[in-house]
Every structure is written in structure tokens, then in C-alpha cells.
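J.: For reference, this is query.txt, and it has compact mmCIF, C-alpha atoms.
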# COMPACT_ATOMS: atom_id res chain seq x y z
CA MET A 359 89.67 113.42 143.08
CA LYS A 360 87.61 114.04 139.91
CA PHE A 361 86.24 117.39 138.84
CA LYS A 362 83.25 118.03 136.60
CA ASN A 363 84.88 121.22 135.34
CA ARG A 364 88.53 122.17 135.13
CA ASN A 365 89.45 124.69 137.81
CA ILE A 366 92.99 124.93 136.45
CA LEU A 367 94.29 125.50 132.92
CA TYR A 368 94.92 122.35 130.86
CA GLY A 369 98.62 121.51 131.01
CA TYR A 370 99.00 122.23 134.71
CA LYS A 371 98.28 120.57 138.06
CA PHE A 372 98.26 121.44 141.76
CA GLU A 373 101.25 120.21 143.73
CA ASN A 374 101.86 121.16 147.39
CA GLY A 375 99.40 124.02 147.04
CA SER A 376 101.08 125.50 143.97
CA ILE A 377 100.34 125.35 140.23
CA VAL A 378 103.06 123.40 138.40
CA ILE A 379 103.47 122.02 134.89
CA ASP A 380 101.83 118.64 134.24
CA SER A 381 104.46 116.74 132.22
CA VAL A 382 101.91 114.72 130.20
CA GLU A 383 99.32 117.42 129.53
CA SER A 384 101.96 120.05 128.70
CA GLU A 385 103.28 117.81 125.91
CA ILE A 386 99.75 117.61 124.47
CA VAL A 387 99.56 121.43 124.55
CA LYS A 388 102.84 121.67 122.60
CA GLN A 389 101.64 119.09 120.08
CA VAL A 390 98.39 121.02 119.56
CA TYR A 391 100.36 124.18 118.72
CA GLU A 392 102.75 122.34 116.42
CA LYS A 393 100.04 120.45 114.56
CA TYR A 394 97.99 123.62 114.07
CA ILE A 395 101.01 125.46 112.67
CA SER A 396 101.81 122.53 110.38
CA GLY A 397 98.39 122.91 108.73
CA MET A 398 96.02 120.72 110.75
CA SER A 399 92.62 122.27 111.38
CA LEU A 400 91.10 122.93 114.83
CA LEU A 401 88.42 120.31 114.15
CA ARG A 402 90.93 117.73 112.98
CA ILE A 403 93.12 118.21 116.08
CA ALA A 404 90.08 117.83 118.35
CA ASN A 405 89.00 114.68 116.51
CA LEU A 406 92.51 113.25 116.70
CA LEU A 407 92.74 113.80 120.47
CA SER A 408 89.32 112.22 120.93
CA GLN A 409 90.18 109.24 118.72
CA LYS A 410 93.35 108.61 120.73
CA GLY A 411 91.45 108.75 124.03
CA ILE A 412 93.30 111.77 125.42
CA GLU A 413 91.45 112.86 128.57
CA TYR A 414 90.51 116.53 128.94
CA LEU A 415 89.10 115.75 132.37
CA PRO A 416 89.59 112.54 134.35
CA ALA A 417 87.62 109.80 132.56
CA GLN A 418 86.27 112.36 130.06
CA VAL A 419 87.33 112.64 126.43
CA ASN A 420 85.33 115.64 125.28
CA TRP A 421 87.56 117.63 122.94
CA ASN A 422 86.02 120.04 120.46
CA LYS A 423 87.01 122.85 118.13
CA GLY A 424 86.35 125.53 120.76
CA LYS A 425 88.71 123.98 123.32
CA ILE A 426 91.53 123.83 120.80
CA LYS A 427 90.91 127.43 119.71
CA ARG A 428 90.98 128.70 123.31
CA MET A 429 94.18 126.76 123.98
CA ILE A 430 95.92 128.42 121.04
CA GLU A 431 94.71 131.89 122.06
CA ASP A 432 95.49 131.59 125.80
CA LYS A 433 98.45 133.82 126.72
CA ARG A 434 98.81 132.14 130.11
CA TYR A 435 100.78 129.38 128.38
CA LEU A 436 103.51 132.01 127.89
CA GLY A 437 103.86 132.16 131.69
CA ASP A 438 102.65 134.71 134.23
CA GLU A 439 102.64 135.22 137.98
CA LYS A 440 100.32 132.22 138.38
CA TYR A 441 101.27 129.79 135.59
CA PRO A 442 104.79 128.60 134.60
CA GLN A 443 105.66 128.86 130.89
CA ILE A 444 104.82 125.96 128.55
CA ILE A 445 104.77 127.69 125.13
CA ASN A 446 107.50 130.06 123.95
CA ILE A 447 106.59 133.40 122.39
CA ASP A 448 107.67 132.42 118.85
CA LEU A 449 105.45 129.33 118.82
CA TYR A 450 102.53 131.30 120.28
CA ASN A 451 102.84 134.10 117.72
CA GLN A 452 103.22 131.67 114.84
CA ALA A 453 100.07 129.75 115.84
CA ASN A 454 98.01 132.91 116.21
CA ARG A 455 99.24 134.36 112.92
CA THR A 456 98.16 131.10 111.31
CA LYS A 457 94.73 131.49 112.92
CA GLU A 458 94.37 135.06 111.60
CA ILE A 459 95.24 133.93 108.06
CA ARG A 460 92.66 131.15 108.18
CA ASN A 461 89.98 133.47 109.60
CA THR A 462 90.11 135.66 106.49
CA THR A 463 88.17 132.98 104.58
CA GLN A 464 86.01 131.60 107.40
CA ASN A 465 82.74 132.74 105.78
CA ILE A 466 83.29 130.85 102.52
CA ASN A 467 80.51 128.38 101.73
CA ARG A 468 82.19 124.97 101.47
CA SER A 469 79.02 122.87 101.27
CA ASP A 470 79.27 122.27 97.53
CA TYR A 471 82.99 121.29 97.53
CA ILE A 472 82.18 117.61 97.98
CA TYR A 473 80.06 117.67 94.80
CA LYS A 474 82.86 119.29 92.79
CA LEU A 475 85.33 116.58 93.71
CA LYS A 476 86.09 114.75 90.48
CA LEU A 477 88.86 112.42 91.64
CA PRO A 478 88.27 108.67 92.03
CA VAL A 479 87.87 107.57 95.65
CA ILE A 480 89.47 104.17 96.22
CA CYS A 481 88.79 101.41 98.76
CA SER A 482 91.89 100.37 100.74
CA GLU A 483 90.52 96.82 101.10
CA CYS A 484 90.24 95.89 97.41
CA ASN A 485 91.17 99.02 95.41
CA GLY A 486 87.63 99.22 94.07
CA ASN A 487 85.83 102.52 93.51
CA MET A 488 83.91 103.98 96.44
CA LYS A 489 80.60 105.80 96.17
CA ARG A 490 79.35 108.51 98.54
CA ILE A 491 75.92 107.83 100.07
CA HIS A 492 73.90 110.43 101.98
CA ASP A 493 71.34 109.15 104.50
CA THR A 494 69.55 111.68 106.73
CA GLN A 495 68.48 108.89 109.12
CA LEU A 496 72.05 108.18 110.20
CA LYS A 497 73.89 110.05 112.95
CA VAL A 498 76.80 110.47 110.54
CA LYS A 499 74.77 111.22 107.43
CA GLU A 500 77.48 110.50 104.88
CA LYS A 501 79.29 107.25 104.23
CA TRP A 502 81.44 105.85 101.44
CA VAL A 503 80.69 102.35 100.12
CA CYS A 504 82.93 100.27 97.86
CA THR A 505 81.15 99.18 94.69
CA GLU A 506 83.34 96.07 94.51
CA CYS A 507 83.61 94.52 97.99
CA GLY A 508 80.90 96.46 99.84
CA HIS A 509 83.30 97.80 102.49
CA SER A 510 82.01 101.09 103.95
CA GLU A 511 83.35 103.93 106.09
CA LYS A 512 81.26 106.63 107.79
CA ILE A 513 82.90 110.03 107.22
CA CYS A 514 80.94 113.25 107.33
CA ASP A 515 81.67 115.69 104.51
CA THR A 516 83.27 118.32 106.76
CA VAL A 517 85.77 115.82 108.19
CA PHE A 518 86.44 114.35 104.72
CA LEU A 519 87.27 117.79 103.31
CA SER A 520 89.21 118.76 106.44
CA MET A 521 91.46 115.71 106.17
CA MET A 522 92.25 116.48 102.52
CA THR A 523 92.98 120.11 103.48
CA ASP A 524 95.36 118.88 106.19
CA ALA A 525 97.17 116.65 103.68
CA LEU A 526 97.56 119.50 101.19
CA ASN A 527 98.81 121.85 103.91
CA TYR A 528 101.38 119.27 104.96
CA LEU A 529 102.73 119.12 101.41
CA ILE A 530 102.69 122.92 101.12
CA LYS A 531 104.89 123.12 104.22
CA ASN A 532 106.97 120.06 103.30
CA PRO A 533 107.29 119.88 99.49
CA ASN A 534 110.61 118.04 99.80
CA VAL A 535 108.79 114.83 100.78
CA ILE A 536 107.74 114.57 97.13
CA LYS A 537 110.14 112.11 95.55
CA SER A 538 112.04 113.91 92.81
CA GLU A 539 113.86 110.73 91.82
CA SER A 540 110.42 109.53 90.74
CA GLN A 541 108.53 106.33 90.68
CA SER A 542 108.13 105.81 86.95
CA SER A 543 104.76 105.42 85.28
CA THR A 544 104.74 102.51 82.84
CA SER A 545 103.46 103.42 79.37
CA ASN A 546 101.24 101.14 77.29
CA GLU A 547 104.05 100.77 74.75
CA THR A 548 106.39 99.52 77.48
CA VAL A 549 103.86 96.91 78.63
CA LYS A 550 103.29 95.81 75.04
CA THR A 551 107.03 95.40 74.40
CA GLU A 552 107.54 93.44 77.63
CA ASN A 553 104.73 91.07 76.65
CA GLU A 554 106.25 90.57 73.19
CA ILE A 555 109.62 89.67 74.73
CA ASN A 556 108.00 87.22 77.14
CA ARG A 557 106.18 85.52 74.27
CA MET A 558 109.41 85.30 72.25
CA LEU A 559 111.22 83.68 75.17
CA GLU A 560 108.63 80.90 75.17
CA ILE A 561 109.55 79.98 71.58
CA SER A 562 112.28 77.34 71.19
CA ASN A 563 113.80 78.77 68.01
CA ILE A 564 114.24 82.45 68.85
CA ASP A 565 115.57 84.93 66.34
CA LYS A 566 118.24 86.38 68.64
CA THR A 567 118.73 89.46 66.46
CA ILE A 568 115.07 90.43 66.76
CA LEU A 569 115.05 89.58 70.49
CA LYS A 570 118.13 91.72 71.08
CA LYS A 571 116.50 94.67 69.31
CA LYS A 572 113.33 94.26 71.37
CA ILE A 573 115.37 94.24 74.59
CA PHE A 574 117.12 97.44 73.58
CA ASP A 575 113.75 98.97 72.66
CA LEU A 576 112.38 98.02 76.08
CA ALA A 577 115.35 99.61 77.87
CA SER A 578 114.80 102.82 75.90
CA LEU A 579 111.07 102.85 76.70
CA LYS A 580 111.70 102.32 80.42
CA TYR A 581 114.21 105.17 80.44
CA THR A 582 111.61 107.40 78.80
CA ASP A 583 109.02 106.32 81.39
CA LEU A 584 111.43 107.15 84.22
CA ASP A 585 112.24 110.55 82.72
CA ALA A 586 108.53 111.35 82.34
CA GLY A 587 107.94 110.32 85.95
CA SER A 588 110.73 112.64 87.14
CA TYR A 589 109.20 115.53 85.24
CA ILE A 590 105.77 114.88 86.80
CA SER A 591 107.32 114.76 90.29
CA GLU A 592 109.10 118.07 89.76
CA GLN A 593 105.89 119.70 88.51
CA ILE A 594 103.96 118.48 91.56
CA LYS A 595 106.72 119.72 93.86
CA LYS A 596 106.65 123.18 92.23
CA GLU A 597 102.88 123.41 92.69
CA PHE A 598 103.24 122.92 96.45
CA GLU A 599 106.31 125.16 96.72
CA ASN A 600 104.38 128.00 95.12
CA ALA A 601 101.21 127.48 97.15
CA GLU A 602 100.29 129.22 100.42
CA LEU A 603 98.68 127.52 103.41
CA ILE A 604 94.95 127.04 102.93
CA SER A 605 92.04 127.25 105.36
CA GLU A 606 89.75 125.14 103.16
CA ILE A 607 90.38 122.61 100.44
CA SER A 608 91.84 123.98 97.21
CA LEU A 609 90.23 121.97 94.41
CA PRO A 610 92.57 123.41 91.72
CA LEU A 611 95.67 122.39 93.73
CA LEU A 612 94.19 118.97 94.46
CA MET A 613 93.32 118.32 90.81
CA LYS A 614 96.74 119.46 89.55
CA THR A 615 98.67 117.20 91.89
CA THR A 616 96.50 114.23 92.84
CA SER A 617 95.16 111.29 90.84
CA ALA A 618 93.07 109.50 93.48
CA ILE A 619 92.00 109.43 97.14
CA ILE A 620 92.19 106.28 99.26
CA ILE A 621 89.78 105.81 102.17
CA ASN A 622 91.56 103.67 104.75
CA SER A 623 89.82 101.24 107.07
CA ASP A 624 90.32 103.57 110.05
CA THR A 625 88.34 106.35 108.34
CA ASP A 626 91.52 108.20 107.46
CA LEU A 627 92.55 109.30 103.98
CA SER A 628 95.58 108.92 101.74
CA LEU A 629 96.33 111.00 98.65
CA VAL A 630 97.74 109.30 95.55
CA LEU A 631 99.84 111.93 93.80
CA LYS A 632 100.21 111.96 90.02
CA ASN A 633 103.71 110.48 90.32
CA ASN A 634 102.14 107.42 92.04
CA GLN A 635 103.45 108.49 95.46
CA ILE A 636 101.04 107.85 98.31
CA ILE A 637 100.77 110.36 101.16
CA GLY A 638 98.71 109.00 104.03
CA LYS A 639 98.64 105.99 106.35
CA GLU A 640 100.82 102.94 105.77
CA LYS A 641 99.40 99.46 106.34
CA SER A 642 101.51 96.36 106.57
CA TYR A 643 99.88 92.92 106.53
CA GLY A 644 96.70 94.37 108.01
CA THR A 645 98.50 96.04 110.94
CA GLU A 646 98.72 99.80 111.10
CA ASN A 647 102.23 101.16 111.60
CA SER A 648 101.62 104.34 113.56
CA GLN A 649 104.19 107.12 113.56
CA ILE A 650 105.04 108.64 116.96
CA HIS A 651 105.05 112.42 117.05
CA SER A 652 108.26 114.12 118.14
CA THR A 653 108.44 117.66 119.46
CA ASP A 654 110.79 118.76 116.69
CA ASN A 655 107.78 118.55 114.34
CA ASN A 656 109.48 116.17 111.93
CA SER A 657 106.75 113.75 110.86
CA THR A 658 107.71 110.55 109.07
CA ILE A 659 106.48 110.03 105.53
CA LYS A 660 106.71 106.73 103.74
CA CYS A 661 106.06 106.44 100.02
CA GLU A 662 104.82 103.51 98.00
CA LYS A 663 104.05 103.03 94.33
CA PHE A 664 100.29 102.93 93.82
CA VAL A 665 99.65 99.25 93.20
CA PRO A 666 96.61 97.18 94.21
CA THR A 667 97.88 96.12 97.63
CA GLY A 668 95.97 98.53 99.84
CA LYS A 669 99.23 99.97 101.21
CA SER A 670 99.47 103.59 102.24
CA CYS A 671 101.18 105.78 104.88
CA SER A 672 100.51 108.44 107.53
CA ILE A 673 100.99 112.17 107.80
CA LEU A 674 99.05 112.14 111.07
CA PRO A 675 101.20 111.11 114.03
CA CYS A 676 99.75 109.36 117.05
CA ILE A 677 99.34 111.24 120.31
CA ASN A 678 99.53 108.63 123.05
CA LYS A 679 97.09 108.57 125.89
CA ALA A 680 98.53 109.52 129.27
CA GLY A 681 99.54 106.57 131.36
For this file, write the structure as C-alpha cells.

T.:
Amino acid sequence: MKFKNRNILYGYKFENGSIVIDSVESEIVKQVYEKYISGMSLLRIANLLSQKGIEYLPAQVNWNKGKIKRMIEDKRYLGDEKYPQIINIDLYNQANRTKEIRNTTQNINRSDYIYKLKLPVICSECNGNMKRIHDTQLKVKEKWVCTECGHSEKICDTVFLSMMTDALNYLIKNPNVIKSESQSSTSNETVKTENEINRMLEISNIDKTILKKKIFDLASLKYTDLDAGSYISEQIKKEFENAELISEISLPLLMKTTSAIIINSDTDLSLVLKNNQIIGKEKSYGTENSQIHSTDNNSTIKCEKFVPTGKSCSILPCINKAG
């Protein structure tokens, strides 16, 4: 039987005349709480559930910010004379404290944030630069178009900023995912020395003394590059360790830690940190490798050096559709 409106709280079902826990829906409720606590916004959670086809009602995927907010505020999930417990008191209190903190800045005007964004926005298809285009005739009025290959993605400004806020909040809560061992940044002097050695190796009569010195010079330069990369990684890590969770994008934090933003082909974003580590969605040979969410709230992060391959990785786990 299908209902136009829910006559029972999401997460439960009728069984033999009694209200019992729905095993599938109750897991979605727990994931909503955990993702909100981890830094994901109400809007982003609603969009994620809708994108994954999670049904709020039979054959209806109509999630919105209000539904998620009411779910987080509803004390019935703690259990009462009518409803069995789904959410424990610690998780409930933590989620609602998070909501109170975010509400303190709810009246801030964010409309001009997108115009203050000075980082390059990169196309995941060809690594070309992407340009924001605003068209009032479109349903989604903003889209990003690659100036190199023409690839485009429709992302409204509020969702674009929300996704970056989610990524920053993830790193604030999980600074240890930043690779302290570093992915080194290659200096111009290192590249120049490597090229000189390659040219020398093409000569039949090589002065081995000079070649040996160049090789030692190259080793020293690469060690310096690695050391500089480690320092940058530690500085980025400290920035996130010292930051508090944010309710809207922090441009100063973003600019201090991030060198570029990648728009993926599924309208998701990846951040390229200044140590060349990518935080976002990983692609492999054109196939997305989705991470499955676990209830212990340990999301998987994969890191790649920022090279023109279009590879990235995901902080946003999949929530699988029931059935």
C-alpha cells in the first residue's frame, strides 16, 4: 500500500499492528546524524539522498533541507512509549549542539562569496580552466564551462559553496588524513638539472666527472623538494587542527590550504591542497570508485599527486538505495 503522506515517523514501519524499527530506513537515519555531525550541511545531505534515489515515501524521492532538520531535532528517535529507540542520547545531543553552533551565523550574507573565490577551478576531463557562467534563463542558473574542451557542469552557487564547506569541515574534523610524509613539489631547478643530465646521457663521450656531480646535485635538489613538501603538509595540517567547524565557507582557510578546485563529471568537487594532495572523488579509467559508508563514521580517503590525469577521490560516501 502506498501513502501520499507519511503517517509514521521515517525509520519505522507497522508490523502486526505495532510500530517497529525499519532496518533499512533506520540506517539512513543514523547516517544522516553521522554525516551532519561530521560537517555535512542539511542541504548537502538532502541532495545526497535524492541523488542516490533514497525513497522518503514509496516511489517518491523528495528530500529537502526541512526534512533533514526535523529528523535531527525529533526526540522520538531516542525512544518513547510509541517508538523504539534508533538514536542514542550522545549522538542526538552532538547533532543538535552542532545545529546550534551553525545557527549562530545563519543570517550571514553569502551571496558574494562566489565572486571572492580566487582559486583556479579545474576541469576533471582535461585539466583545463573552468569559467563560471550565469544564465537567468536556465533552471540551474549557474554552470561551469571548461575553456579548453568545452565540458560543462551545472552547479548552483549555493551547492558549490556548500560542497566546499563540507570538504573543509571534513578536514577540520580529520586533519590526520593530510599526508605528513608529503608528496614533494618539484622545483624549477630540479627540472632543469634533470633535463641537463638527460641531454648529457645522449652524448657518446660523456665527461663522467661532470655527470657524477650533476647526479649528486640532483639528489640534493630532490631532497630539498621533499623537505619543503613536508613543511607545507605540516602547515596545512596545523591550519585545520586549529580551526573550528564552520557553517559557511571560510575563504581565509580555503586560500591558506588549497591551490585549486576540481569539478568532477558527476557535479561533485575535489580540493587540491597546497601539498598536491587531492581530497574528493577518485576516478579510475573513467569508472567512479564509490566508498561505502560504515556506521563507525570512518570514511575512506585516497590521495593522489595532482597530475593531469583527471584522478581524484571522495569524502562523500554512497548511501545505497533500499532493496

J.: Give me, as a tab-separated table, the closest atom pair and its distance (Å, one decimal) for every residue of segment 384-458 of chain A within a cut-off of 10 Å of segment 497-519 of chain A, counting only C-alpha atoms, rows sorted by chain and rising number.

T.:
residue	atom	partner	partner_atom	distance
A:Ser399	CA	A:Val517	CA	9.9
A:Leu401	CA	A:Val517	CA	7.9
A:Arg402	CA	A:Val517	CA	7.3
A:Asn405	CA	A:Val517	CA	9.0

J.: Extract, using only C-alpha atoms, all DNA, RNA and protein residues at most 7 Å from Ile620 of chain A, discarding same-chain residues fewer than 5 positions from it, and format them as a list in words.

T.: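 Here the answer would be Val479, Ile480, Cys481, Ser482, Leu627, Ser628 and Leu629 of chain A.
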
J.: What's the 9 Å shell around Ile377 of chain A, counting all atoms listed in the file, without same-chain residues fewer than 2 positions away, as a PDB file with C-alpha atoms, in the frame of the given file?

T.:
ATOM      1  CA  ILE A 366      92.990 124.930 136.450  1.00  0.00           C
ATOM      2  CA  TYR A 370      99.000 122.230 134.710  1.00  0.00           C
ATOM      3  CA  LYS A 371      98.280 120.570 138.060  1.00  0.00           C
ATOM      4  CA  PHE A 372      98.260 121.440 141.760  1.00  0.00           C
ATOM      5  CA  GLU A 373     101.250 120.210 143.730  1.00  0.00           C
ATOM      6  CA  ASN A 374     101.860 121.160 147.390  1.00  0.00           C
ATOM      7  CA  GLY A 375      99.400 124.020 147.040  1.00  0.00           C
ATOM      8  CA  ILE A 379     103.470 122.020 134.890  1.00  0.00           C
ATOM      9  CA  LYS A 440     100.320 132.220 138.380  1.00  0.00           C
ATOM     10  CA  TYR A 441     101.270 129.790 135.590  1.00  0.00           C
ATOM     11  CA  PRO A 442     104.790 128.600 134.600  1.00  0.00           C
TER      12      PRO A 442
END

J.: So how many Å separate atom CA of Phe598 of chain A and atom CA of Leu529 of chain A, to one decimal?

T.: 6.3 Å

J.: Excluding segment 424-427 of chain A and any residue of its chain fewer than 6 positions from it, enumerate the residues within 9 Å of it, using only C-alpha atoms, and give them as number ranges by chain.

T.: A: 390, 400-401, 403-404, 457

J.: Work out how far apart atom CA of Gly437 of chain A and atom CA of Lys410 of chain A are and give it in Å to one decimal.

T.: 28.0 Å

J.: For Pro478 of chain A, find every residue with an atom within 10 Å (counting all atoms listed in the file), except residues of its own chain fewer than 4 positions away, and show them as JSON, numbers by chain.

T.: {"A": [486, 487, 488, 489, 616, 617, 618, 619, 620]}

J.: Would you work out the distance separating atom CA of Pro533 of chain A from atom CA of Glu599 of chain A, expressed in Å to one decimal?

T.: 6.0 Å

J.: Using all atoms listed in the file, pick whichever of A:Ile568, A:Ile536, A:Leu609, A:Ile604 has the shortest atom-to-atom distance to Ile590 of chain A.

T.: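 When distances to Ile590 of chain A are compared using all atoms listed in the file, the smallest one comes from A:Ile536.
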
J.: Restricting the calculation to all atoms listed in the file, which member of A:Leu603, A:Val382, A:Leu477, A:Leu367 is positioned closest to Asp432 of chain A?

T.: A:Leu367

J.: Which is closest to Ile447 of chain A among A:Glu597, A:Asn546, A:Cys484, A:Tyr391, if we use all atoms listed in the file?

T.: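 Selected residue with least distance to Ile447 of chain A: A:Tyr391.
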